[in-house]
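Content type compact mmCIF, C-alpha atoms, from the file entry.txt:
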```txt
# COMPACT_ATOMS: atom_id res chain seq x y z
CA MET A 466 -13.28 17.56 3.92
CA SER A 467 -13.54 13.99 2.68
CA ALA A 468 -14.17 12.79 -0.86
CA ALA A 469 -16.03 9.76 0.54
CA ALA A 470 -19.03 8.50 -1.41
CA THR A 471 -19.13 11.59 -3.62
CA GLY A 472 -17.96 10.09 -6.90
CA TRP A 473 -14.52 11.70 -7.06
CA ARG A 474 -11.82 9.64 -8.78
CA MET A 475 -8.19 9.98 -9.79
CA PRO A 476 -7.92 9.94 -13.59
CA ALA A 477 -5.29 7.91 -15.39
CA GLU A 478 -2.26 9.87 -16.55
CA TRP A 479 -3.16 9.45 -20.24
CA GLU A 480 -6.55 11.14 -19.78
CA PRO A 481 -6.69 14.77 -21.05
CA HIS A 482 -4.65 17.33 -19.14
CA ARG A 483 -5.29 20.99 -18.65
CA ALA A 484 -1.73 21.50 -17.41
CA THR A 485 1.44 20.00 -15.99
CA TRP A 486 2.83 21.30 -12.68
CA ILE A 487 6.56 21.46 -12.00
CA ALA A 488 8.68 23.14 -9.34
CA TRP A 489 11.79 24.78 -10.73
CA PRO A 490 15.05 23.29 -9.38
CA HIS A 491 17.03 25.40 -6.94
CA HIS A 492 18.30 22.96 -4.29
CA TYR A 493 21.96 22.55 -5.25
CA ALA A 494 22.48 19.70 -2.79
CA ASP A 495 20.23 17.43 -4.88
CA TRP A 496 22.74 17.51 -7.75
CA PRO A 497 26.14 18.25 -6.18
CA GLY A 498 28.65 18.98 -8.91
CA LYS A 499 26.02 18.71 -11.66
CA PHE A 500 23.48 21.41 -10.87
CA ALA A 501 24.43 23.73 -13.75
CA ALA A 502 22.95 21.33 -16.29
CA ILE A 503 19.67 20.70 -14.48
CA PRO A 504 17.72 23.92 -15.24
CA TRP A 505 18.40 23.41 -18.94
CA ILE A 506 16.95 19.90 -18.76
CA TYR A 507 13.84 21.45 -17.23
CA VAL A 508 13.77 23.95 -20.10
CA GLU A 509 13.76 21.03 -22.53
CA ILE A 510 10.89 19.40 -20.64
CA VAL A 511 8.83 22.60 -20.76
CA ARG A 512 9.69 23.11 -24.44
CA HIS A 513 8.00 19.83 -25.32
CA LEU A 514 5.07 20.11 -22.90
CA HIS A 515 3.96 23.66 -23.63
CA ARG A 516 3.00 22.79 -27.20
CA HIS A 517 0.24 20.50 -25.94
CA GLU A 518 -0.87 21.82 -22.54
CA ARG A 519 -0.19 24.63 -20.12
CA VAL A 520 2.81 24.36 -17.82
CA ARG A 521 2.43 25.69 -14.30
CA ILE A 522 5.83 26.49 -12.80
CA ILE A 523 6.42 27.02 -9.09
CA THR A 524 9.42 29.32 -8.69
CA GLU A 525 10.57 32.41 -6.83
CA ASP A 526 12.73 33.37 -9.82
CA ARG A 527 10.11 34.09 -12.45
CA ALA A 528 12.29 36.48 -14.43
CA GLY A 529 15.28 34.16 -14.59
CA VAL A 530 13.21 31.12 -15.53
CA ALA A 531 11.29 33.10 -18.15
CA ARG A 532 14.57 34.22 -19.76
CA ARG A 533 15.78 30.64 -20.05
CA LEU A 534 12.48 29.46 -21.52
CA ALA A 535 12.34 32.32 -24.02
CA ARG A 536 15.85 31.50 -25.24
CA ALA A 537 14.61 27.98 -26.05
CA GLY A 538 11.60 29.26 -28.00
CA VAL A 539 8.95 28.54 -25.36
CA ASP A 540 5.73 30.54 -25.75
CA LEU A 541 5.42 32.17 -22.34
CA GLY A 542 1.71 32.60 -22.95
CA GLN A 543 1.46 28.87 -22.30
CA VAL A 544 3.22 29.13 -18.94
CA ASP A 545 1.89 30.17 -15.53
CA PHE A 546 4.25 31.16 -12.71
CA PHE A 547 3.55 30.79 -9.01
CA PRO A 548 6.05 32.50 -6.64
CA TRP A 549 5.80 29.95 -3.86
CA PRO A 550 8.85 28.80 -1.88
CA THR A 551 9.72 25.11 -2.09
CA ASP A 552 12.32 22.93 -0.48
CA ARG A 553 12.93 20.65 -3.46
CA SER A 554 11.56 20.07 -6.96
CA TRP A 555 9.99 16.59 -6.83
CA THR A 556 6.46 17.85 -7.44
CA ARG A 557 5.00 14.38 -7.99
CA ASP A 558 5.35 13.55 -4.33
CA TYR A 559 4.20 16.69 -2.52
CA GLY A 560 2.23 18.61 -5.12
CA PRO A 561 -1.54 18.64 -5.65
CA MET A 562 -2.95 15.17 -6.30
CA PHE A 563 -5.99 15.83 -8.44
CA VAL A 564 -9.34 14.05 -8.55
CA VAL A 565 -12.31 14.72 -10.81
CA ARG A 566 -16.06 14.27 -10.70
CA GLY A 567 -17.50 14.74 -14.15
CA ARG A 568 -15.85 17.97 -15.26
CA ARG A 569 -15.22 19.28 -11.75
CA LEU A 570 -11.79 19.27 -10.14
CA ALA A 571 -10.63 18.87 -6.56
CA ILE A 572 -7.29 18.36 -4.83
CA ASN A 573 -6.26 15.73 -2.31
CA ASP A 574 -3.83 17.26 0.15
CA PHE A 575 -2.04 14.22 1.51
CA ARG A 576 0.54 14.65 4.24
CA PHE A 577 4.21 14.81 3.24
CA ASN A 578 7.34 14.49 5.39
CA GLY A 579 10.29 14.25 3.01
CA TRP A 580 9.88 10.53 2.33
CA ALA A 581 10.30 9.87 6.06
CA LYS A 582 13.99 10.52 5.48
CA TYR A 583 14.85 14.20 4.95
CA SER A 584 14.26 17.24 7.15
CA ASN A 585 13.70 19.88 4.45
CA TRP A 586 10.05 19.44 3.55
CA HIS A 587 7.96 22.03 5.41
CA ARG A 588 7.61 24.44 2.47
CA ASP A 589 6.80 21.60 0.09
CA ARG A 590 4.04 20.45 2.44
CA ARG A 591 2.10 23.69 1.79
CA ILE A 592 2.06 23.49 -2.03
CA ALA A 593 -1.12 21.42 -2.47
CA ALA A 594 -3.15 23.82 -0.30
CA ARG A 595 -1.77 26.82 -2.20
CA ALA A 596 -2.73 25.19 -5.51
CA ALA A 597 -6.28 24.56 -4.32
CA ARG A 598 -6.65 28.21 -3.33
CA VAL A 599 -5.29 29.64 -6.59
CA LEU A 600 -7.43 27.29 -8.71
CA GLY A 601 -10.49 27.84 -6.55
CA VAL A 602 -11.26 24.14 -6.17
CA PRO A 603 -12.18 21.96 -3.16
CA ARG A 604 -9.35 20.57 -1.05
CA PHE A 605 -9.70 17.23 0.74
CA GLU A 606 -7.43 16.14 3.60
CA PRO A 607 -7.40 12.32 3.62
CA GLY A 608 -5.35 12.26 6.82
CA ILE A 609 -2.53 9.93 5.76
CA LEU A 610 0.91 10.43 4.29
CA LEU A 611 1.07 9.52 0.60
CA GLU A 612 3.47 10.47 -2.19
CA GLY A 613 2.34 10.59 -5.80
CA GLY A 614 5.23 8.42 -6.95
CA SER A 615 4.13 5.59 -4.67
CA ILE A 616 0.93 4.87 -6.62
CA ASP A 617 -0.23 4.44 -10.21
CA VAL A 618 -3.84 4.15 -11.38
CA ASN A 619 -5.65 2.98 -14.50
CA GLY A 620 -8.52 5.46 -14.13
CA ARG A 621 -11.07 2.63 -13.83
CA GLY A 622 -10.63 1.84 -10.14
CA THR A 623 -7.38 -0.14 -9.97
CA LEU A 624 -4.42 1.18 -8.00
CA LEU A 625 -0.86 -0.21 -8.21
CA THR A 626 1.65 0.22 -5.38
CA THR A 627 4.35 -1.58 -3.34
CA GLU A 628 4.52 -3.09 0.10
CA GLU A 629 8.06 -1.79 0.53
CA CYS A 630 6.95 1.83 0.32
CA LEU A 631 3.56 1.86 2.05
CA LEU A 632 3.86 -0.98 4.57
CA SER A 633 7.54 -1.29 5.51
CA PRO A 634 8.77 -0.17 8.95
CA VAL A 635 11.77 1.34 7.12
CA GLN A 636 11.00 4.99 6.25
CA ALA A 637 7.53 4.24 7.55
CA ARG A 638 5.01 6.70 6.11
CA ASN A 639 2.09 5.80 8.36
CA PRO A 640 3.40 3.82 11.36
CA GLY A 641 0.83 1.48 12.82
CA VAL A 642 -1.58 1.82 9.89
CA ARG A 643 -2.49 -1.55 8.39
CA ARG A 644 -2.97 -2.46 4.74
CA GLU A 645 -6.75 -2.58 4.99
CA GLN A 646 -6.82 0.84 6.65
CA LEU A 647 -4.70 2.35 3.88
CA GLU A 648 -6.92 0.79 1.25
CA ALA A 649 -10.00 2.24 2.94
CA VAL A 650 -8.54 5.76 2.78
CA LEU A 651 -7.50 5.32 -0.86
CA ARG A 652 -11.01 4.14 -1.73
CA ARG A 653 -12.49 7.27 -0.17
CA SER A 654 -9.94 9.76 -1.50
CA LEU A 655 -9.01 8.44 -4.98
CA GLY A 656 -11.96 6.31 -5.99
CA ALA A 657 -9.81 3.17 -5.97
CA ARG A 658 -11.69 -0.10 -5.51
CA HIS A 659 -9.09 -2.71 -6.48
CA PHE A 660 -5.49 -2.85 -5.24
CA LEU A 661 -2.43 -4.50 -6.75
CA TRP A 662 0.46 -4.81 -4.29
CA LEU A 663 3.95 -5.48 -5.62
CA ARG A 664 6.86 -6.18 -3.27
CA ARG A 665 10.11 -4.22 -3.62
CA GLY A 666 11.52 -1.30 -5.60
CA ILE A 667 14.88 -0.84 -7.29
CA ALA A 668 18.41 -0.34 -5.99
CA GLY A 669 19.39 3.26 -5.32
CA ASP A 670 15.81 4.45 -4.76
CA ASP A 671 15.89 6.66 -1.68
CA THR A 672 12.07 6.67 -1.52
CA HIS A 673 12.19 2.99 -0.49
CA GLY A 674 10.01 1.43 -3.13
CA HIS A 675 8.16 3.93 -5.31
CA ILE A 676 6.09 2.21 -7.97
CA ASP A 677 7.00 4.70 -10.70
CA ASP A 678 10.45 3.17 -11.04
CA ILE A 679 9.23 -0.41 -11.50
CA ALA A 680 5.76 -0.75 -13.08
CA ARG A 681 3.25 1.61 -14.74
CA PHE A 682 -0.12 1.47 -16.42
CA VAL A 683 -0.10 2.58 -20.07
CA ASN A 684 -3.79 1.86 -20.68
CA PRO A 685 -6.59 0.46 -18.48
CA THR A 686 -5.53 -3.18 -18.95
CA THR A 687 -1.79 -2.98 -19.74
CA VAL A 688 1.17 -2.56 -17.40
CA VAL A 689 4.82 -2.15 -18.34
CA ALA A 690 7.07 -3.88 -15.81
CA CYS A 691 10.81 -3.37 -15.54
CA VAL A 692 13.00 -6.44 -15.91
CA GLU A 693 16.69 -6.93 -15.18
CA HIS A 694 18.38 -9.73 -17.13
CA ALA A 695 21.74 -9.70 -15.33
CA ARG A 696 21.40 -12.29 -12.56
CA GLY A 697 24.13 -10.72 -10.47
CA ASP A 698 22.42 -7.34 -10.36
CA PRO A 699 20.57 -6.49 -7.11
CA ASN A 700 17.49 -5.59 -9.17
CA TYR A 701 17.24 -9.02 -10.78
CA GLU A 702 15.29 -10.85 -8.08
CA PRO A 703 12.95 -8.04 -6.92
CA LEU A 704 11.93 -7.25 -10.51
CA ARG A 705 11.52 -10.93 -11.38
CA GLU A 706 9.25 -11.38 -8.38
CA ASN A 707 7.18 -8.30 -9.28
CA LEU A 708 6.83 -9.48 -12.87
CA GLU A 709 5.49 -12.85 -11.76
CA LEU A 710 3.04 -11.20 -9.39
CA LEU A 711 1.73 -8.94 -12.14
CA ARG A 712 1.26 -11.83 -14.53
CA ALA A 713 -1.12 -13.42 -12.05
CA MET A 714 -3.03 -10.24 -11.26
CA LYS A 715 -6.37 -9.02 -12.59
CA ASP A 716 -8.01 -5.64 -13.01
CA GLN A 717 -11.08 -4.31 -11.22
CA ASP A 718 -13.34 -6.30 -13.56
CA GLY A 719 -11.56 -9.61 -13.06
CA ARG A 720 -9.63 -9.53 -16.34
CA ARG A 721 -5.99 -10.56 -16.44
CA LEU A 722 -3.59 -7.73 -17.09
CA LYS A 723 -1.46 -7.56 -20.19
CA VAL A 724 2.09 -7.29 -18.81
CA VAL A 725 4.82 -5.96 -21.11
CA PRO A 726 8.47 -6.19 -20.02
CA LEU A 727 10.42 -2.94 -20.05
CA PRO A 728 14.23 -3.22 -19.96
CA MET A 729 16.41 -1.60 -17.36
CA PRO A 730 19.43 0.48 -18.33
CA GLY A 731 22.80 -0.82 -17.28
CA PRO A 732 23.83 0.08 -13.71
CA LEU A 733 24.53 3.79 -13.40
CA TYR A 734 26.84 5.13 -10.70
CA PHE A 735 28.11 8.57 -9.82
CA ASP A 736 30.50 9.47 -7.04
CA GLY A 737 30.36 5.85 -5.87
CA ARG A 738 26.56 5.73 -5.52
CA ARG A 739 24.12 3.46 -7.39
CA LEU A 740 21.46 5.64 -8.98
CA PRO A 741 17.79 4.69 -9.49
CA ALA A 742 17.90 4.86 -13.29
CA SER A 743 14.70 3.40 -14.76
CA TYR A 744 12.78 3.80 -17.99
CA ALA A 745 9.54 3.39 -16.01
CA ASN A 746 9.88 6.98 -14.80
CA PHE A 747 8.29 8.31 -18.00
CA TYR A 748 5.56 10.97 -18.06
CA ILE A 749 2.44 10.74 -20.24
CA ALA A 750 1.22 14.16 -21.38
CA ASN A 751 -1.20 15.35 -24.07
CA GLN A 752 0.10 13.96 -27.38
CA VAL A 753 3.60 13.23 -26.04
CA VAL A 754 5.39 10.85 -23.70
CA LEU A 755 8.61 12.08 -22.14
CA ALA A 756 10.92 9.20 -21.26
CA PRO A 757 14.33 9.29 -19.57
CA THR A 758 17.34 8.07 -21.54
CA PHE A 759 20.74 7.15 -20.16
CA HIS A 760 23.19 6.87 -23.08
CA ASP A 761 22.54 3.13 -22.86
CA PRO A 762 21.99 0.46 -25.56
CA ASN A 763 18.56 -0.23 -24.05
CA ASP A 764 17.40 3.36 -24.60
CA ARG A 765 16.13 2.50 -28.08
CA MET A 766 14.33 -0.64 -26.92
CA ALA A 767 12.58 1.23 -24.11
CA LEU A 768 11.48 4.10 -26.36
CA ASN A 769 10.24 1.67 -29.01
CA THR A 770 8.26 -0.31 -26.43
CA LEU A 771 6.53 2.83 -25.17
CA ALA A 772 5.87 4.00 -28.74
CA GLU A 773 4.15 0.70 -29.58
CA LEU A 774 2.00 0.84 -26.45
CA LEU A 775 1.09 4.53 -26.76
CA PRO A 776 0.68 4.92 -30.53
CA ASP A 777 -1.38 8.13 -30.29
CA ARG A 778 1.55 10.00 -28.75
CA GLN A 779 5.06 10.95 -29.79
CA VAL A 780 7.63 9.38 -27.48
CA ILE A 781 10.51 11.76 -26.77
CA GLY A 782 13.71 10.86 -24.98
CA ILE A 783 15.00 13.33 -22.37
CA HIS A 784 18.57 13.13 -21.07
CA GLY A 785 18.40 11.48 -17.65
CA VAL A 786 22.04 10.81 -16.74
CA ASP A 787 22.50 14.14 -14.97
CA LEU A 788 18.89 14.35 -13.78
CA VAL A 789 18.95 10.99 -11.97
CA TRP A 790 21.88 12.17 -9.83
CA GLY A 791 19.09 13.92 -7.92
CA LEU A 792 17.59 10.40 -7.40
CA GLY A 793 14.59 11.00 -9.65
CA THR A 794 13.70 11.82 -13.25
CA LEU A 795 10.69 12.82 -15.33
CA HIS A 796 7.72 11.33 -13.52
CA CYS A 797 9.12 12.40 -10.16
CA LEU A 798 9.27 16.06 -11.15
CA THR A 799 5.87 16.41 -12.86
CA GLN A 800 2.25 16.35 -11.72
CA GLN A 801 -0.67 16.35 -14.14
CA GLU A 802 -3.73 18.53 -13.75
CA PRO A 803 -6.70 16.85 -15.47
CA TRP A 804 -8.98 18.74 -17.84
CA TYR A 805 -12.06 20.18 -16.17
CA ASP A 806 -14.63 22.95 -16.58
CA SER A 807 -13.75 26.09 -14.66
CA PRO A 808 -15.61 26.41 -11.34
```
Output the structure of this file as structure tokens.
Amino acid sequence: MSAAATGWRMPAEWEPHRATWIAWPHHYADWPGKFAAIPWIYVEIVRHLHRHERVRIITEDRAGVARRLARAGVDLGQVDFFPWPTDRSWTRDYGPMFVVRGRRLAINDFRFNGWAKYSNWHRDRRIAARAARVLGVPRFEPGILLEGGSIDVNGRGTLLTTEECLLSPVQARNPGVRREQLEAVLRRSLGARHFLWLRRGIAGDDTHGHIDDIARFVNPTTVVACVEHARGDPNYEPLRENLELLRAMKDQDGRRLKVVPLPMPGPLYFDGRRLPASYANFYIANQVVLAPTFHDPNDRMALNTLAELLPDRQVIGIHGVDLVWGLGTLHCLTQQEPWYDSP
């Protein structure tokens, strides 16, 4: 099916949620030497989310996960379990990408191939279709490969992304597909009508340019943009260039965006590898914002910036030093399900 000309749109992340979807971590190779800590970080994420919306957990170990959550005081009546096999736990990129029309819900089932880099993705590829079946909602197949972390929307028709991820021949998602062709599909499938293209992502990002590590909408007219002040850092020039582009950009109604700088943490390495640590990988939920922290002096500045921009929500720092060893943090592992009336 196609969502073309039917009024479906992708809501902004700050619009009301019915639930948050996550896939419970089980792939040890994502966090070699650090995996033991990761499930407890997920417990902390669920502990904060379940107070404000349902949490839908994809796991084949329901009993084990439930025991961990109960030990942390999570009300299991606020949690749904789905016993579906997954390859990895980065639900943002392969999970259901929701659209709404009024109070009706549907799912876009974009193609997924492990970021055009990894071979273990075939079970993840089936998750969006499974979610559509269990929720009893329409499923659209737009016909292109698209990861949730590669786009951000303001809910009013503007979509933010990067050339490095969607147009580069490196880790090419849709070889031979031109910019205007991609935009046409995103218009039909997500209700986007205005596109903001930044250039490059950050060092250490194995997705090759996901937007959710560099710039994010926090309201319909305001974008936070990561900045690196150390001139010798490889992120300095790409982030400076993106910031300047954003300052010249306008929204779908021709209004200039308000662009607020968001600091970067100091370079974070583990086992000789630069990690994609970024405060932009926050997640906006009902009444709370979960933001990664890195035991860095800029943690406080980043949390304060988000608190000023999202005053109707409590901003909560979640330990990201171990989590980012898996090359992603909070936004990468979550996917919001918008509020809708049951079909």
Close residues, Asp777 (chain A) itself excluded, 12 Å, only C-alpha atoms, min 4 positions apart in chain, as an MDAnalysis selection string: chainID A and resid 479 683:684 749:754 771:773
Convert the current residue selection to file output with C-alpha atoms, as a JSON list (two decimals), in the coordinates of the input.
```json
[["chain", "number", "residue", "atom", "x", "y", "z"],
["A", 479, "TRP", "CA", -3.16, 9.45, -20.24],
["A", 683, "VAL", "CA", -0.10, 2.58, -20.07],
["A", 684, "ASN", "CA", -3.79, 1.86, -20.68],
["A", 749, "ILE", "CA", 2.44, 10.74, -20.24],
["A", 750, "ALA", "CA", 1.22, 14.16, -21.38],
["A", 751, "ASN", "CA", -1.20, 15.35, -24.07],
["A", 752, "GLN", "CA", 0.10, 13.96, -27.38],
["A", 753, "VAL", "CA", 3.60, 13.23, -26.04],
["A", 754, "VAL", "CA", 5.39, 10.85, -23.70],
["A", 771, "LEU", "CA", 6.53, 2.83, -25.17],
["A", 772, "ALA", "CA", 5.87, 4.00, -28.74],
["A", 773, "GLU", "CA", 4.15, 0.70, -29.58]]
```
Who sits within 9 Å of Leu625 (chain A), all atoms listed in the file, same chain under 3 positions skipped, as a list in words: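 So the residues in contact are Ser615, Ile616, Asp617, Val618, Asn619, His659, Phe660, Leu661, Trp662, Leu663, Ile676, Ala680, Arg681 and Phe682 of chain A.
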Residues of the last selection are to be written out with C-alpha atoms, as a PDB file, keeping the file's coordinate frame.
```pdb
ATOM      1  CA  SER A 615       4.130   5.590  -4.670  1.00  0.00           C
ATOM      2  CA  ILE A 616       0.930   4.870  -6.620  1.00  0.00           C
ATOM      3  CA  ASP A 617      -0.230   4.440 -10.210  1.00  0.00           C
ATOM      4  CA  VAL A 618      -3.840   4.150 -11.380  1.00  0.00           C
ATOM      5  CA  ASN A 619      -5.650   2.980 -14.500  1.00  0.00           C
ATOM      6  CA  HIS A 659      -9.090  -2.710  -6.480  1.00  0.00           C
ATOM      7  CA  PHE A 660      -5.490  -2.850  -5.240  1.00  0.00           C
ATOM      8  CA  LEU A 661      -2.430  -4.500  -6.750  1.00  0.00           C
ATOM      9  CA  TRP A 662       0.460  -4.810  -4.290  1.00  0.00           C
ATOM     10  CA  LEU A 663       3.950  -5.480  -5.620  1.00  0.00           C
ATOM     11  CA  ILE A 676       6.090   2.210  -7.970  1.00  0.00           C
ATOM     12  CA  ALA A 680       5.760  -0.750 -13.080  1.00  0.00           C
ATOM     13  CA  ARG A 681       3.250   1.610 -14.740  1.00  0.00           C
ATOM     14  CA  PHE A 682      -0.120   1.470 -16.420  1.00  0.00           C
TER      15      PHE A 682
END
```
Separation of CA of Glu612 (chain A) from CA of Arg705 (chain A), in Å and rounded to one decimal: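 Atom-to-atom, CA of Glu612 (chain A) and CA of Arg705 (chain A) are spaced 24.6 Å apart.
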Distance in Å - CA of Tyr493 (chain A) versus CA of Asn573 (chain A): 29.2 Å
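With all atoms listed in the file as the atoms that count, the residue of A:Met714, A:Cys691, A:Leu632, A:Ala594 with the shortest distance to Ala742 (chain A) is A:Cys691.
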Close residues, Leu647 (chain A) itself excluded, 12 Å, all atoms listed in the file, min 2 positions apart in chain, as a list in words: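 Result of the neighbour search: Pro607, Gly608, Ile609, Leu610, Leu611, Leu624, Thr626, Glu628, Leu631, Leu632, Arg638, Asn639, Pro640, Gly641, Val642, Arg643, Arg644, Glu645, Ala649, Val650, Leu651, Arg652, Arg653, Ser654, Leu655, Ala657, Arg658 and Phe660 of chain A.
Those residues that approach Pro481 (chain A) to within 12 Å, counting all atoms listed in the file, are Pro476, Ala477, Glu478, Ala484, Thr485, His517, Glu518, Arg519, Val565, Arg568, Gly620, Ile749, Ala750, Asn751, Gln752, Val753, Gln801, Glu802, Pro803, Trp804 and Tyr805 of chain A; same-chain residues fewer than 3 positions away are not listed.
Nearest to Val689 (chain A) of all the residues A:Gln636, A:Leu774, A:Asn769, A:Arg557 is A:Leu774, counting all atoms listed in the file.
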